>>> print(open('my_file14.cif').read())   # mmCIF, N, CA and C atoms
data_my_file
#
loop_
_atom_site.label_atom_id
_atom_site.label_comp_id
_atom_site.auth_asym_id
_atom_site.auth_seq_id
_atom_site.Cartn_x
_atom_site.Cartn_y
_atom_site.Cartn_z
N GLN A 1 74.91 119.66 144.95
CA GLN A 1 74.33 119.77 143.61
C GLN A 1 73.41 118.58 143.36
N VAL A 2 72.16 118.87 143.11
CA VAL A 2 71.18 117.82 142.87
C VAL A 2 71.38 117.23 141.48
N GLN A 3 71.40 115.91 141.42
CA GLN A 3 71.57 115.24 140.14
C GLN A 3 70.77 113.95 140.13
N LEU A 4 70.16 113.65 138.99
CA LEU A 4 69.46 112.39 138.76
C LEU A 4 70.01 111.78 137.48
N VAL A 5 70.37 110.52 137.55
CA VAL A 5 70.94 109.84 136.39
C VAL A 5 70.18 108.55 136.13
N GLU A 6 69.56 108.46 134.97
CA GLU A 6 68.82 107.26 134.59
C GLU A 6 69.72 106.31 133.80
N SER A 7 69.40 105.05 133.89
CA SER A 7 70.08 104.03 133.08
C SER A 7 69.15 102.83 132.96
N GLY A 8 69.52 101.91 132.08
CA GLY A 8 68.77 100.67 131.96
C GLY A 8 67.90 100.56 130.73
N GLY A 9 67.82 101.64 129.96
CA GLY A 9 67.04 101.58 128.74
C GLY A 9 67.74 100.73 127.69
N GLY A 10 67.03 100.50 126.58
CA GLY A 10 67.61 99.72 125.50
C GLY A 10 66.55 99.21 124.56
N LEU A 11 66.96 98.29 123.72
CA LEU A 11 66.07 97.66 122.74
C LEU A 11 65.62 96.31 123.29
N VAL A 12 64.32 96.09 123.30
CA VAL A 12 63.78 94.83 123.82
C VAL A 12 62.60 94.42 122.94
N GLN A 13 62.37 93.14 122.84
CA GLN A 13 61.26 92.63 122.05
C GLN A 13 59.95 92.76 122.82
N PRO A 14 58.84 92.85 122.10
CA PRO A 14 57.54 92.86 122.79
C PRO A 14 57.40 91.64 123.70
N GLY A 15 56.87 91.88 124.89
CA GLY A 15 56.76 90.82 125.88
C GLY A 15 57.95 90.72 126.80
N GLY A 16 59.02 91.43 126.47
CA GLY A 16 60.22 91.39 127.29
C GLY A 16 60.14 92.32 128.48
N SER A 17 61.27 92.47 129.18
CA SER A 17 61.29 93.28 130.39
C SER A 17 62.54 94.15 130.43
N LEU A 18 62.44 95.21 131.19
CA LEU A 18 63.57 96.09 131.47
C LEU A 18 63.44 96.59 132.90
N ARG A 19 64.57 96.91 133.50
CA ARG A 19 64.57 97.59 134.78
C ARG A 19 65.35 98.89 134.63
N LEU A 20 64.64 99.99 134.78
CA LEU A 20 65.29 101.30 134.73
C LEU A 20 65.74 101.69 136.13
N SER A 21 66.87 102.37 136.19
CA SER A 21 67.41 102.86 137.46
C SER A 21 67.52 104.37 137.42
N CYS A 22 67.29 104.98 138.56
CA CYS A 22 67.43 106.43 138.71
C CYS A 22 68.28 106.64 139.97
N VAL A 23 69.53 107.03 139.77
CA VAL A 23 70.43 107.27 140.89
C VAL A 23 70.40 108.74 141.24
N ALA A 24 70.10 109.03 142.50
CA ALA A 24 70.00 110.40 142.97
C ALA A 24 71.23 110.80 143.77
N SER A 25 71.64 112.05 143.64
CA SER A 25 72.73 112.57 144.45
C SER A 25 72.45 114.03 144.77
N GLY A 26 73.02 114.49 145.88
CA GLY A 26 72.84 115.88 146.28
C GLY A 26 71.61 116.13 147.12
N PHE A 27 70.84 115.09 147.41
CA PHE A 27 69.69 115.26 148.29
C PHE A 27 69.33 113.90 148.88
N THR A 28 68.49 113.92 149.88
CA THR A 28 68.07 112.69 150.54
C THR A 28 66.83 112.14 149.85
N LEU A 29 66.97 110.95 149.32
CA LEU A 29 65.90 110.35 148.52
C LEU A 29 64.59 110.30 149.29
N ASP A 30 64.66 109.98 150.55
CA ASP A 30 63.45 109.81 151.36
C ASP A 30 62.64 111.09 151.53
N ASP A 31 63.27 112.24 151.27
CA ASP A 31 62.58 113.51 151.48
C ASP A 31 61.78 113.96 150.26
N TYR A 32 61.89 113.21 149.16
CA TYR A 32 61.30 113.64 147.90
C TYR A 32 60.36 112.59 147.31
N TYR A 33 59.42 113.08 146.51
CA TYR A 33 58.67 112.24 145.60
C TYR A 33 59.54 112.03 144.36
N ILE A 34 59.66 110.80 143.92
CA ILE A 34 60.39 110.49 142.70
C ILE A 34 59.41 109.95 141.67
N GLY A 35 59.36 110.61 140.55
CA GLY A 35 58.45 110.20 139.50
C GLY A 35 59.18 109.72 138.26
N TRP A 36 58.53 108.84 137.54
CA TRP A 36 58.99 108.42 136.21
C TRP A 36 58.00 108.95 135.19
N PHE A 37 58.53 109.56 134.15
CA PHE A 37 57.73 110.09 133.05
C PHE A 37 58.29 109.56 131.74
N ARG A 38 57.50 109.63 130.71
CA ARG A 38 57.99 109.24 129.40
C ARG A 38 57.47 110.20 128.35
N GLN A 39 58.20 110.26 127.25
CA GLN A 39 57.80 111.18 126.19
C GLN A 39 58.25 110.64 124.85
N VAL A 40 57.35 110.78 123.86
CA VAL A 40 57.69 110.47 122.48
C VAL A 40 57.58 111.77 121.70
N PRO A 41 58.33 111.90 120.61
CA PRO A 41 58.31 113.15 119.83
C PRO A 41 56.89 113.51 119.41
N GLY A 42 56.55 114.78 119.62
CA GLY A 42 55.25 115.28 119.21
C GLY A 42 54.14 115.06 120.20
N LYS A 43 54.46 114.39 121.32
CA LYS A 43 53.44 114.15 122.34
C LYS A 43 53.86 114.76 123.66
N GLU A 44 52.87 115.00 124.50
CA GLU A 44 53.15 115.57 125.81
C GLU A 44 53.77 114.52 126.73
N ARG A 45 54.60 114.98 127.62
CA ARG A 45 55.19 114.09 128.61
C ARG A 45 54.08 113.51 129.50
N GLU A 46 54.14 112.19 129.76
CA GLU A 46 53.11 111.57 130.57
C GLU A 46 53.69 110.84 131.75
N GLY A 47 52.92 110.81 132.83
CA GLY A 47 53.36 110.15 134.03
C GLY A 47 53.28 108.64 133.91
N VAL A 48 54.33 107.98 134.33
CA VAL A 48 54.39 106.53 134.33
C VAL A 48 54.13 105.98 135.73
N SER A 49 54.89 106.52 136.70
CA SER A 49 54.76 106.05 138.07
C SER A 49 55.42 107.05 138.99
N CYS A 50 55.13 106.91 140.27
CA CYS A 50 55.71 107.80 141.27
C CYS A 50 55.74 107.08 142.61
N ILE A 51 56.79 107.36 143.40
CA ILE A 51 56.84 106.87 144.76
C ILE A 51 57.02 108.07 145.67
N SER A 52 56.24 108.12 146.72
CA SER A 52 56.23 109.31 147.57
C SER A 52 57.42 109.31 148.53
N SER A 53 57.54 110.39 149.28
CA SER A 53 58.54 110.50 150.32
C SER A 53 58.23 109.52 151.44
N ARG A 54 59.22 109.25 152.27
CA ARG A 54 58.99 108.35 153.39
C ARG A 54 57.95 108.93 154.35
N GLU A 55 57.99 110.25 154.52
CA GLU A 55 57.04 110.91 155.41
C GLU A 55 55.60 110.64 154.96
N ASP A 56 55.40 110.52 153.67
CA ASP A 56 54.06 110.26 153.12
C ASP A 56 53.85 108.78 152.84
N GLY A 57 54.71 107.95 153.42
CA GLY A 57 54.43 106.52 153.43
C GLY A 57 54.95 105.70 152.27
N ASP A 58 55.85 106.28 151.45
CA ASP A 58 56.36 105.54 150.29
C ASP A 58 55.23 104.98 149.43
N ARG A 59 54.19 105.77 149.26
CA ARG A 59 53.07 105.35 148.42
C ARG A 59 53.48 105.33 146.96
N ALA A 60 52.82 104.48 146.19
CA ALA A 60 53.12 104.37 144.77
C ALA A 60 51.86 104.64 143.94
N TRP A 61 52.07 105.30 142.82
CA TRP A 61 51.00 105.56 141.86
C TRP A 61 51.47 105.10 140.47
N TYR A 62 50.51 104.76 139.62
CA TYR A 62 50.82 104.31 138.27
C TYR A 62 49.84 104.90 137.28
N GLY A 63 50.35 105.19 136.09
CA GLY A 63 49.46 105.54 135.00
C GLY A 63 48.63 104.33 134.62
N GLY A 64 47.46 104.57 134.04
CA GLY A 64 46.56 103.47 133.73
C GLY A 64 47.22 102.40 132.87
N PHE A 65 48.05 102.82 131.93
CA PHE A 65 48.70 101.86 131.03
C PHE A 65 49.75 101.02 131.76
N ALA A 66 50.22 101.50 132.91
CA ALA A 66 51.30 100.84 133.63
C ALA A 66 50.82 99.87 134.70
N LYS A 67 49.59 100.02 135.13
CA LYS A 67 49.08 99.18 136.21
C LYS A 67 49.12 97.70 135.82
N GLY A 68 49.67 96.90 136.71
CA GLY A 68 49.76 95.47 136.46
C GLY A 68 50.97 95.06 135.65
N ARG A 69 51.65 96.03 135.05
CA ARG A 69 52.83 95.69 134.23
C ARG A 69 54.11 96.30 134.79
N PHE A 70 54.01 97.47 135.39
CA PHE A 70 55.19 98.18 135.89
C PHE A 70 55.18 98.19 137.41
N ALA A 71 56.36 98.25 138.01
CA ALA A 71 56.47 98.33 139.46
C ALA A 71 57.61 99.27 139.82
N ILE A 72 57.33 100.19 140.74
CA ILE A 72 58.34 101.13 141.19
C ILE A 72 58.84 100.69 142.56
N SER A 73 60.13 100.87 142.80
CA SER A 73 60.70 100.51 144.09
C SER A 73 61.85 101.45 144.41
N LYS A 74 62.27 101.42 145.67
CA LYS A 74 63.31 102.35 146.12
C LYS A 74 64.31 101.60 146.98
N ASP A 75 65.58 101.89 146.78
CA ASP A 75 66.66 101.34 147.61
C ASP A 75 67.40 102.52 148.21
N ASN A 76 67.10 102.81 149.47
CA ASN A 76 67.70 103.99 150.11
C ASN A 76 69.20 103.85 150.27
N ALA A 77 69.66 102.64 150.51
CA ALA A 77 71.11 102.43 150.69
C ALA A 77 71.88 102.81 149.45
N LYS A 78 71.25 102.64 148.30
CA LYS A 78 71.90 102.98 147.03
C LYS A 78 71.41 104.31 146.47
N ASN A 79 70.51 104.96 147.20
CA ASN A 79 69.92 106.22 146.73
C ASN A 79 69.37 106.08 145.32
N THR A 80 68.68 104.99 145.08
CA THR A 80 68.22 104.64 143.74
C THR A 80 66.75 104.25 143.75
N VAL A 81 66.05 104.72 142.72
CA VAL A 81 64.68 104.30 142.47
C VAL A 81 64.66 103.48 141.19
N TYR A 82 63.92 102.39 141.21
CA TYR A 82 63.85 101.49 140.06
C TYR A 82 62.45 101.50 139.46
N LEU A 83 62.40 101.22 138.18
CA LEU A 83 61.13 101.00 137.51
C LEU A 83 61.25 99.68 136.75
N HIS A 84 60.52 98.69 137.23
CA HIS A 84 60.51 97.38 136.58
C HIS A 84 59.35 97.35 135.59
N MET A 85 59.64 96.96 134.37
CA MET A 85 58.62 96.99 133.32
C MET A 85 58.52 95.63 132.64
N MET A 86 57.32 95.02 132.72
CA MET A 86 57.10 93.74 132.06
C MET A 86 55.61 93.39 132.10
N PRO A 87 55.01 92.89 131.01
CA PRO A 87 55.61 92.76 129.69
C PRO A 87 55.54 94.06 128.91
N LEU A 88 56.58 94.32 128.17
CA LEU A 88 56.62 95.56 127.41
C LEU A 88 55.89 95.42 126.08
N LYS A 89 55.32 96.53 125.65
CA LYS A 89 54.59 96.60 124.40
C LYS A 89 55.25 97.64 123.50
N SER A 90 54.96 97.57 122.23
CA SER A 90 55.58 98.52 121.29
C SER A 90 55.22 99.96 121.65
N GLU A 91 54.02 100.16 122.18
CA GLU A 91 53.60 101.52 122.54
C GLU A 91 54.32 102.07 123.77
N ASP A 92 55.14 101.24 124.42
CA ASP A 92 55.94 101.73 125.55
C ASP A 92 57.22 102.40 125.07
N THR A 93 57.47 102.36 123.79
CA THR A 93 58.66 103.01 123.24
C THR A 93 58.62 104.50 123.52
N ALA A 94 59.67 105.01 124.16
CA ALA A 94 59.73 106.43 124.55
C ALA A 94 61.06 106.68 125.24
N VAL A 95 61.32 107.96 125.49
CA VAL A 95 62.41 108.33 126.39
C VAL A 95 61.81 108.41 127.79
N TYR A 96 62.43 107.74 128.73
CA TYR A 96 61.95 107.69 130.11
C TYR A 96 62.83 108.58 130.98
N TYR A 97 62.17 109.41 131.77
CA TYR A 97 62.86 110.35 132.65
C TYR A 97 62.46 110.09 134.10
N CYS A 98 63.40 110.28 135.01
CA CYS A 98 63.01 110.34 136.41
C CYS A 98 63.14 111.79 136.86
N ALA A 99 62.35 112.13 137.87
CA ALA A 99 62.29 113.50 138.34
C ALA A 99 61.99 113.52 139.83
N ALA A 100 62.37 114.61 140.49
CA ALA A 100 62.19 114.73 141.93
C ALA A 100 61.41 116.00 142.28
N SER A 101 60.56 115.84 143.28
CA SER A 101 59.75 116.97 143.75
C SER A 101 59.52 116.82 145.25
N ARG A 102 59.52 117.94 145.97
CA ARG A 102 59.19 117.89 147.40
C ARG A 102 57.74 117.47 147.59
N ASP A 103 56.88 117.98 146.73
CA ASP A 103 55.46 117.61 146.80
C ASP A 103 54.80 118.07 145.51
N PRO A 104 54.55 117.16 144.57
CA PRO A 104 53.94 117.55 143.30
C PRO A 104 52.45 117.86 143.39
N THR A 105 51.85 117.63 144.53
CA THR A 105 50.41 117.79 144.76
C THR A 105 49.61 116.69 144.05
N VAL A 106 49.77 116.59 142.78
CA VAL A 106 49.22 115.48 142.01
C VAL A 106 50.40 114.79 141.36
N TRP A 107 50.51 113.50 141.51
CA TRP A 107 51.77 112.82 141.23
C TRP A 107 52.26 112.98 139.81
N ASP A 108 51.34 113.15 138.85
CA ASP A 108 51.78 113.21 137.46
C ASP A 108 51.75 114.62 136.87
N TRP A 109 51.76 115.63 137.78
CA TRP A 109 51.90 117.01 137.31
C TRP A 109 53.39 117.28 137.09
N TYR A 110 53.87 117.07 135.90
CA TYR A 110 55.30 117.16 135.69
C TYR A 110 55.83 118.57 135.92
N GLU A 111 54.93 119.57 135.81
CA GLU A 111 55.39 120.95 136.05
C GLU A 111 55.84 121.16 137.48
N ARG A 112 55.41 120.29 138.39
CA ARG A 112 55.73 120.46 139.81
C ARG A 112 57.03 119.75 140.20
N TYR A 113 57.70 119.13 139.25
CA TYR A 113 58.96 118.46 139.54
C TYR A 113 60.10 119.41 139.24
N ASN A 114 61.01 119.54 140.20
CA ASN A 114 62.06 120.55 140.10
C ASN A 114 63.32 120.04 139.43
N TYR A 115 63.58 118.75 139.61
CA TYR A 115 64.84 118.19 139.14
C TYR A 115 64.56 117.02 138.19
N TRP A 116 65.32 116.97 137.10
CA TRP A 116 65.12 115.97 136.06
C TRP A 116 66.44 115.33 135.66
N GLY A 117 66.35 114.06 135.30
CA GLY A 117 67.49 113.40 134.70
C GLY A 117 67.53 113.67 133.22
N GLN A 118 68.52 113.09 132.56
CA GLN A 118 68.71 113.33 131.12
C GLN A 118 67.88 112.41 130.26
N GLY A 119 67.32 111.36 130.85
CA GLY A 119 66.46 110.43 130.12
C GLY A 119 67.21 109.21 129.61
N THR A 120 66.46 108.12 129.43
CA THR A 120 67.02 106.90 128.87
C THR A 120 66.01 106.36 127.85
N GLN A 121 66.52 105.96 126.69
CA GLN A 121 65.65 105.53 125.60
C GLN A 121 65.23 104.07 125.80
N VAL A 122 63.93 103.83 125.69
CA VAL A 122 63.39 102.47 125.69
C VAL A 122 62.73 102.25 124.34
N THR A 123 63.17 101.21 123.65
CA THR A 123 62.60 100.86 122.35
C THR A 123 62.11 99.42 122.41
N VAL A 124 60.82 99.24 122.14
CA VAL A 124 60.22 97.91 122.15
C VAL A 124 59.86 97.56 120.71
N SER A 125 60.58 96.62 120.16
CA SER A 125 60.39 96.28 118.75
C SER A 125 60.91 94.88 118.48
N SER A 126 60.26 94.21 117.55
CA SER A 126 60.73 92.89 117.15
C SER A 126 61.66 93.01 115.94
#
>>> encode(input="my_file14.cif", output="structure tokens")
Amino acid sequence: QVQLVESGGGLVQPGGSLRLSCVASGFTLDDYYIGWFRQVPGKEREGVSCISSREDGDRAWYGGFAKGRFAISKDNAKNTVYLHMMPLKSEDTAVYYCAASRDPTVWDWYERYNYWGQGTQVTVSS
């Protein structure tokens, strides 16, 4: 049974940092693209970052707002993908989801991701 579980969200002040974790089970992490997406009420889900399968070189992509601030990484021994975020801004407030796809074709096409976690809330506020 494929499962993704996110954790690490919370309340942080502007300029602070968080590390989100996505623990995968029921499949081999290296065989999938793992993406991070975020969503706020009333807005479309947007791509934050993605790391490709090992076969495709563990490449990483980032949304324009995330470049230089966020970093995605993978720990195969723990079957976990991380999203390091710093410095955080108030506009980063959202529910963050991780998702898995064999091949999304375009990394931030969320429709191409088959498996999703339940999400973790990130709130950036003073």
>>> residues_around(input="my_file14.cif", residues="stretch 2-4 of chain A", least_positions_apart="5", cutoff="8 Å", atoms="only C-alpha atoms", output="VMD selection string")
chain A and resid 22 to 27 98 to 99 115 to 118
>>> atom_distance(input="my_file14.cif", atom1="atom CA of A:Ser73", atom2="atom CA of A:Glu44")
24.9 Å
>>> closest_residue(input="my_file14.cif", among="A:Tyr96, A:Asp56, A:Met86, A:Gly119", to="A:Gln39", atoms="all atoms listed in the file")
A:Tyr96
>>> closest_residue(input="my_file14.cif", among="A:Asp103, A:Ser126, A:Arg54, A:Tyr97", to="A:Asp30", atoms="only C-alpha atoms")
A:Arg54
>>> closest_residue(input="my_file14.cif", among="A:Gln121, A:Ser101, A:Ser52, A:Ser17", to="A:Lys89", atoms="only C-alpha atoms")
A:Ser17
>>> atom_distance(input="my_file14.cif", atom1="atom CA of A:Arg69", atom2="atom CA of A:Arg19")
11.9 Å
>>> build_atoms(input="my_file14.cif", residues="stretch 94-118 of chain A", atoms="N, CA, C and O atoms", output="mmCIF file, keeping the file's coordinate frame")
data_model
loop_
_atom_site.group_PDB
_atom_site.id
_atom_site.type_symbol
_atom_site.label_atom_id
_atom_site.label_comp_id
_atom_site.auth_asym_id
_atom_site.auth_seq_id
_atom_site.Cartn_x
_atom_site.Cartn_y
_atom_site.Cartn_z
ATOM 1 N N ALA A 94 59.670 105.010 124.160
ATOM 2 C CA ALA A 94 59.730 106.430 124.550
ATOM 3 C C ALA A 94 61.060 106.680 125.240
ATOM 4 O O ALA A 94 61.805 105.752 125.548
ATOM 5 N N VAL A 95 61.320 107.960 125.490
ATOM 6 C CA VAL A 95 62.410 108.330 126.390
ATOM 7 C C VAL A 95 61.810 108.410 127.790
ATOM 8 O O VAL A 95 60.787 109.077 127.992
ATOM 9 N N TYR A 96 62.430 107.740 128.730
ATOM 10 C CA TYR A 96 61.950 107.690 130.110
ATOM 11 C C TYR A 96 62.830 108.580 130.980
ATOM 12 O O TYR A 96 64.067 108.481 130.932
ATOM 13 N N TYR A 97 62.170 109.410 131.770
ATOM 14 C CA TYR A 97 62.860 110.350 132.650
ATOM 15 C C TYR A 97 62.460 110.090 134.100
ATOM 16 O O TYR A 97 61.300 109.784 134.378
ATOM 17 N N CYS A 98 63.400 110.280 135.010
ATOM 18 C CA CYS A 98 63.010 110.340 136.410
ATOM 19 C C CYS A 98 63.140 111.790 136.860
ATOM 20 O O CYS A 98 63.901 112.578 136.294
ATOM 21 N N ALA A 99 62.350 112.130 137.870
ATOM 22 C CA ALA A 99 62.290 113.500 138.340
ATOM 23 C C ALA A 99 61.990 113.520 139.830
ATOM 24 O O ALA A 99 61.420 112.566 140.364
ATOM 25 N N ALA A 100 62.370 114.610 140.490
ATOM 26 C CA ALA A 100 62.190 114.730 141.930
ATOM 27 C C ALA A 100 61.410 116.000 142.280
ATOM 28 O O ALA A 100 61.604 117.044 141.669
ATOM 29 N N SER A 101 60.560 115.840 143.280
ATOM 30 C CA SER A 101 59.750 116.970 143.750
ATOM 31 C C SER A 101 59.520 116.820 145.250
ATOM 32 O O SER A 101 59.323 115.716 145.745
ATOM 33 N N ARG A 102 59.520 117.940 145.970
ATOM 34 C CA ARG A 102 59.190 117.890 147.400
ATOM 35 C C ARG A 102 57.740 117.470 147.590
ATOM 36 O O ARG A 102 57.410 116.710 148.501
ATOM 37 N N ASP A 103 56.880 117.980 146.730
ATOM 38 C CA ASP A 103 55.460 117.610 146.800
ATOM 39 C C ASP A 103 54.800 118.070 145.510
ATOM 40 O O ASP A 103 54.497 119.240 145.361
ATOM 41 N N PRO A 104 54.550 117.160 144.570
ATOM 42 C CA PRO A 104 53.940 117.550 143.300
ATOM 43 C C PRO A 104 52.450 117.860 143.390
ATOM 44 O O PRO A 104 51.862 118.308 142.417
ATOM 45 N N THR A 105 51.850 117.630 144.530
ATOM 46 C CA THR A 105 50.410 117.790 144.760
ATOM 47 C C THR A 105 49.610 116.690 144.050
ATOM 48 O O THR A 105 48.853 115.964 144.687
ATOM 49 N N VAL A 106 49.770 116.590 142.780
ATOM 50 C CA VAL A 106 49.220 115.480 142.010
ATOM 51 C C VAL A 106 50.400 114.790 141.360
ATOM 52 O O VAL A 106 51.221 115.448 140.712
ATOM 53 N N TRP A 107 50.510 113.500 141.510
ATOM 54 C CA TRP A 107 51.770 112.820 141.230
ATOM 55 C C TRP A 107 52.260 112.980 139.810
ATOM 56 O O TRP A 107 53.465 112.971 139.563
ATOM 57 N N ASP A 108 51.340 113.150 138.850
ATOM 58 C CA ASP A 108 51.780 113.210 137.460
ATOM 59 C C ASP A 108 51.750 114.620 136.870
ATOM 60 O O ASP A 108 51.776 114.793 135.658
ATOM 61 N N TRP A 109 51.760 115.630 137.780
ATOM 62 C CA TRP A 109 51.900 117.010 137.310
ATOM 63 C C TRP A 109 53.390 117.280 137.090
ATOM 64 O O TRP A 109 54.101 117.717 138.003
ATOM 65 N N TYR A 110 53.870 117.070 135.900
ATOM 66 C CA TYR A 110 55.300 117.160 135.690
ATOM 67 C C TYR A 110 55.830 118.570 135.920
ATOM 68 O O TYR A 110 57.018 118.749 136.224
ATOM 69 N N GLU A 111 54.930 119.570 135.810
ATOM 70 C CA GLU A 111 55.390 120.950 136.050
ATOM 71 C C GLU A 111 55.840 121.160 137.480
ATOM 72 O O GLU A 111 56.560 122.123 137.783
ATOM 73 N N ARG A 112 55.410 120.290 138.390
ATOM 74 C CA ARG A 112 55.730 120.460 139.810
ATOM 75 C C ARG A 112 57.030 119.750 140.200
ATOM 76 O O ARG A 112 57.400 119.760 141.377
ATOM 77 N N TYR A 113 57.700 119.130 139.250
ATOM 78 C CA TYR A 113 58.960 118.460 139.540
ATOM 79 C C TYR A 113 60.100 119.410 139.240
ATOM 80 O O TYR A 113 60.182 119.992 138.156
ATOM 81 N N ASN A 114 61.010 119.540 140.200
ATOM 82 C CA ASN A 114 62.060 120.550 140.100
ATOM 83 C C ASN A 114 63.320 120.040 139.430
ATOM 84 O O ASN A 114 64.051 120.801 138.807
ATOM 85 N N TYR A 115 63.580 118.750 139.610
ATOM 86 C CA TYR A 115 64.840 118.190 139.140
ATOM 87 C C TYR A 115 64.560 117.020 138.190
ATOM 88 O O TYR A 115 63.693 116.192 138.478
ATOM 89 N N TRP A 116 65.320 116.970 137.100
ATOM 90 C CA TRP A 116 65.120 115.970 136.060
ATOM 91 C C TRP A 116 66.440 115.330 135.660
ATOM 92 O O TRP A 116 67.486 116.007 135.644
ATOM 93 N N GLY A 117 66.350 114.060 135.300
ATOM 94 C CA GLY A 117 67.490 113.400 134.700
ATOM 95 C C GLY A 117 67.530 113.670 133.220
ATOM 96 O O GLY A 117 66.666 114.364 132.666
ATOM 97 N N GLN A 118 68.520 113.090 132.560
ATOM 98 C CA GLN A 118 68.710 113.330 131.120
ATOM 99 C C GLN A 118 67.880 112.410 130.260
ATOM 100 O O GLN A 118 67.734 112.636 129.057
#
